[in-house]
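Engineer: Attaching a single structure in structure tokens format; questions to follow.
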Amino acid sequence: MKKIIATCAAVLFCAAATSFAACGDEGESTTLSVFAPDGAPALSVARLYECELSEKFDVNIVDANTIQVYVTGENALADIAILPVNAAVKLLGTGENYKMLGTVTHGNLYILKKSSGEEITTANLSALVGKTVGVINLANVPGLTFKAILADNGLEFNELKDGAAVAADKVNLKAVEATEAVPSNADCDYFIVPEPAASTKVSATGGALSFAGDLQELYEGGNGYPQAVAVAKTSVSDADISAFIDTFDDTLEWLLDEDTSSETIVTAVNSLMYKDDYKSTLTATTLTKTVIENSGIGFVSATESKAAVMAYMTKINAVSPSGFGTPSDEFFYTAK
């Protein structure tokens with residue numbers, strides 16, 4: 001795996017990291033395998049690419065569609081992982097093998113409109129009734145979150161699958177690929193797209209697609225929702241967990257620092273790829289500070305985010321055809 005970056009930021013970071021020395025239960029230095037999906041979760045660990053932190057935390061960025069592979073099986077590869085909260089609850093919610101350390105991202109989903117569309121807020125969410133909204137990843141967090149928002153506001157939805165016709169009295173939802181979220185798609189009036197793809201599409205279309213709404217603002221009180229969470233094997237020591245948690249605030253500060261270029265960040269992410277032939281979907285031309293802010297990155301401990309996770313799971317279980325279960329109390333990590 002590649003672990004190479006040579007920038008001024010890296011040099012400064014190394015100097016700051018020289019005092020870092022997390023150890024295992026027996027006082028010996030340990031290296032922990034960290035797996036995170038590409039995208040906003042990858043940004044949350046992007047600074048752990050260099051010097052002593054890379055010696056302590058062997059970070060591996062993987063395709064978002066494969067993250068569950070690394071936390072399942074008898075010999076799961078990930079000591080620590082970041083994954084969508086619904087997947088974490090479904091796969092690990094008993095707390096037997098992994099504990100949830102906290103919430104890492106709090107939503108990066110936005111509604112895009114065509115030139116004839118309206119701005120969408122909680123006050124006029126009903127403007128979507130009779131319209132068709134194309135959702136990237138309808139079956140997972142984006143679609144589930146939007147369905148939960150509609151349900152909370154007393155709006156019915158109609159999934160356009162298995163030959164279903166557009167309903168005039170419901171919000172119509174259509175599963176789309178990222179390449180289908182374009183102004184020329186006559187089947188959809190609006191789209192739900194995550195950052196940084198949302199900003200990329202607005203820029204690439206010259207404004208033919210523009211921002212119409214913010215799902216983080218539309219969800220409950222407007223403070224976002226638990227989207228991706230960090231988990232650790234029950235065998236990971238409290239000291240190592242504390243050391244890992246302590247990296248998040250510094251990483252976010254580094255990401256938003258005007259002296260940290262987008263090129264530096266994307267190069268860092270690409271240096272952490274688990275497979276050398278995989279390249280991040282993040283690009284230097286689109287990863288602006290606004291996009292990073294829109295990615296909802298910010299660590300909130302399991303203790304502080306437990307109620308939000310439980311509430312979110314209740315909401316998405318209610319709109320999911322199969323459900324993801326409910327996490328046990330043992331799933332939520334508390335330091336001993």
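How things are named: the first chain in the structure tokens is A, the next is B, and so on; residues count from 1 in each chain; ligands count from 1 in the order shown.
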Determine which residues of stretch 38-181 of chain A DSSP labels as alpha helix (DSSP H) from the backbone of this structure, then write them out as a PyMOL selection string.
Structural biologist: chain A and resi 40-44+51-56+85-92+141-152
Engineer: Near A:Leu252, counting only C-alpha atoms, which residues have an atom at most 10 Å away, once you skip same-chain residues fewer than 4 positions from it, shown as a list in words?
Structural biologist: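 In the requested form, the answer reads Leu43, Ser44, Val45, Ala46, Arg47, Thr247, Phe248, Leu256, Asp257, Ile292, Glu293, Ile297, Gly298 and Phe299 of chain A.
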Engineer: Which is closest to A:Val309 among A:Ala81, A:Leu112, A:Ala88, A:Leu218, if we use only C-alpha atoms?
Structural biologist: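 Of A:Ala81, A:Leu112, A:Ala88, A:Leu218, the one nearest A:Val309 is A:Ala88, counting only C-alpha atoms.
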Engineer: Using only C-alpha atoms, which residue out of A:Ala167, A:Ile111, A:Leu209, A:Met100 lies closest to A:Thr303?
Structural biologist: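 Closest residue, counting only C-alpha atoms: A:Met100.
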Engineer: What gap, in Å, lies between atom CA of A:Lys56 and atom CA of A:Gln68?
Structural biologist: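 According to the coordinates, atom CA of A:Lys56 and atom CA of A:Gln68 are separated by 22.6 Å.
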Engineer: Using only C-alpha atoms, pick whichever of A:Asn158, A:Thr286, A:Thr105, A:Thr200 has the shortest atom-to-atom distance to A:Val300.
Structural biologist: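 Of the candidates, the smallest distance to A:Val300 is held by A:Thr105.
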Engineer: Run DSSP on the backbone of this structure and report the residues of stretch 210-283 of chain A it assigns to strand (DSSP E or B), as a list in words.
Structural biologist: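 Here is the list: Ser210, Phe211, Ala212, Gly213, Asp214, Ala228, Val229, Ala230, Val231, Ala232, Lys233 and Met273 of chain A.
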Engineer: List as a PDB file with N, CA, C and O atoms, in the first residue's frame the protein and nucleic acid residues near stretch 221-223 of chain A, meaning an atom at most 10 Å away when only C-alpha atoms are counted, but skip any in the same chain fewer than 6 places from it.
Structural biologist:
ATOM      1  N   HIS A 106     -22.613  13.701   9.438  1.00  0.00           N
ATOM      2  CA  HIS A 106     -23.979  14.032   9.831  1.00  0.00           C
ATOM      3  C   HIS A 106     -24.832  14.484   8.649  1.00  0.00           C
ATOM      4  O   HIS A 106     -25.759  15.270   8.804  1.00  0.00           O
ATOM      5  N   GLY A 107     -24.508  13.956   7.480  1.00  0.00           N
ATOM      6  CA  GLY A 107     -25.331  14.226   6.308  1.00  0.00           C
ATOM      7  C   GLY A 107     -24.641  15.075   5.269  1.00  0.00           C
ATOM      8  O   GLY A 107     -24.049  16.109   5.586  1.00  0.00           O
ATOM      9  N   THR A 122     -38.880  23.102   4.556  1.00  0.00           N
ATOM     10  CA  THR A 122     -39.902  22.384   5.319  1.00  0.00           C
ATOM     11  C   THR A 122     -41.276  23.000   5.082  1.00  0.00           C
ATOM     12  O   THR A 122     -42.296  22.290   5.024  1.00  0.00           O
ATOM     13  N   ASP A 214     -31.760  21.202   1.248  1.00  0.00           N
ATOM     14  CA  ASP A 214     -30.715  20.616   2.076  1.00  0.00           C
ATOM     15  C   ASP A 214     -31.389  19.602   2.992  1.00  0.00           C
ATOM     16  O   ASP A 214     -32.167  19.965   3.866  1.00  0.00           O
ATOM     17  N   LEU A 215     -31.108  18.306   2.794  1.00  0.00           N
ATOM     18  CA  LEU A 215     -31.772  17.283   3.604  1.00  0.00           C
ATOM     19  C   LEU A 215     -31.404  17.392   5.080  1.00  0.00           C
ATOM     20  O   LEU A 215     -32.186  17.003   5.949  1.00  0.00           O
ATOM     21  N   GLY A 296     -20.602  17.424   6.143  1.00  0.00           N
ATOM     22  CA  GLY A 296     -21.137  17.082   7.464  1.00  0.00           C
ATOM     23  C   GLY A 296     -20.180  16.338   8.371  1.00  0.00           C
ATOM     24  O   GLY A 296     -20.604  15.536   9.202  1.00  0.00           O
TER      25      GLY A 296
END
Engineer: For the atom pair atom CA of A:Leu92 and atom CA of A:Tyr274, what is the interatomic distance in Å to one decimal place?
Structural biologist: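 Rounded to one decimal, the two atoms are 22.3 Å apart.
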Engineer: Do you know which residues are at most 9 Å from A:Met313 counting only C-alpha atoms, after dropping those on the same chain fewer than 2 positions away, and could you put them as a PyMOL selection string?
Structural biologist: chain A and resi 85-86+89+308-311+315-318+323-327
Engineer: To one decimal in Å, tell me the separation between atom CA of A:Lys279 and atom CA of A:Tyr190.
Structural biologist: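 Computing it gives 29.2 Å between the two atoms.
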Engineer: Quick one: everything within 10 Å of A:Ser261, counting only C-alpha atoms, minus sequence neighbours fewer than 6 positions away in the same chain. Send it as a ChimeraX atom specification.
Structural biologist: /A:9,254-255,267,284,287-289
Engineer: Which of these, A:Thr30, A:Thr121, A:Thr103, A:Thr334, has the shortest distance to A:Asp238 once you count only C-alpha atoms?
Structural biologist: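 Answer, going by the shortest atom-to-atom distance: A:Thr334.
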Engineer: Considering only C-alpha atoms, can you say which of A:Leu53, A:Cys188, A:Val129, A:Ile120 comes closest to A:Glu156?
Structural biologist: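 For A:Glu156, the nearest of the given residues is A:Val129.
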Engineer: Give me the residues within 12 Å of A:Phe157 as a list in words, counting only C-alpha atoms and dropping any in the same chain fewer than 5 places off.
Structural biologist: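 Listed by chain and then number, they are Ser126, Leu128, Val129, Gly130, Lys131, Thr132, Val133, Gly143, Leu144, Phe146, Lys147, Ala148, Ile149, Leu150, Ala151, Asp152, Ala164, Val166, Ala167, Ala168, Asp169, Lys170, Val171, Asn172, Leu173, Lys174 and Val319 of chain A.
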Engineer: Compare A:Ser242, A:Ser184, A:Asn75, A:Thr179 by their minimum atom-to-atom distance to A:Ser301, counting only C-alpha atoms, and give me the closest one.
Structural biologist: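 The shortest atom-to-atom distance to A:Ser301 comes from A:Ser242.
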Engineer: Quick one: residues within 10 Å of A:Ser116, only C-alpha atoms counted, chain neighbours fewer than 3 positions away excluded, as a VMD selection string?
Structural biologist: chain A and resid 113 189 208 to 209
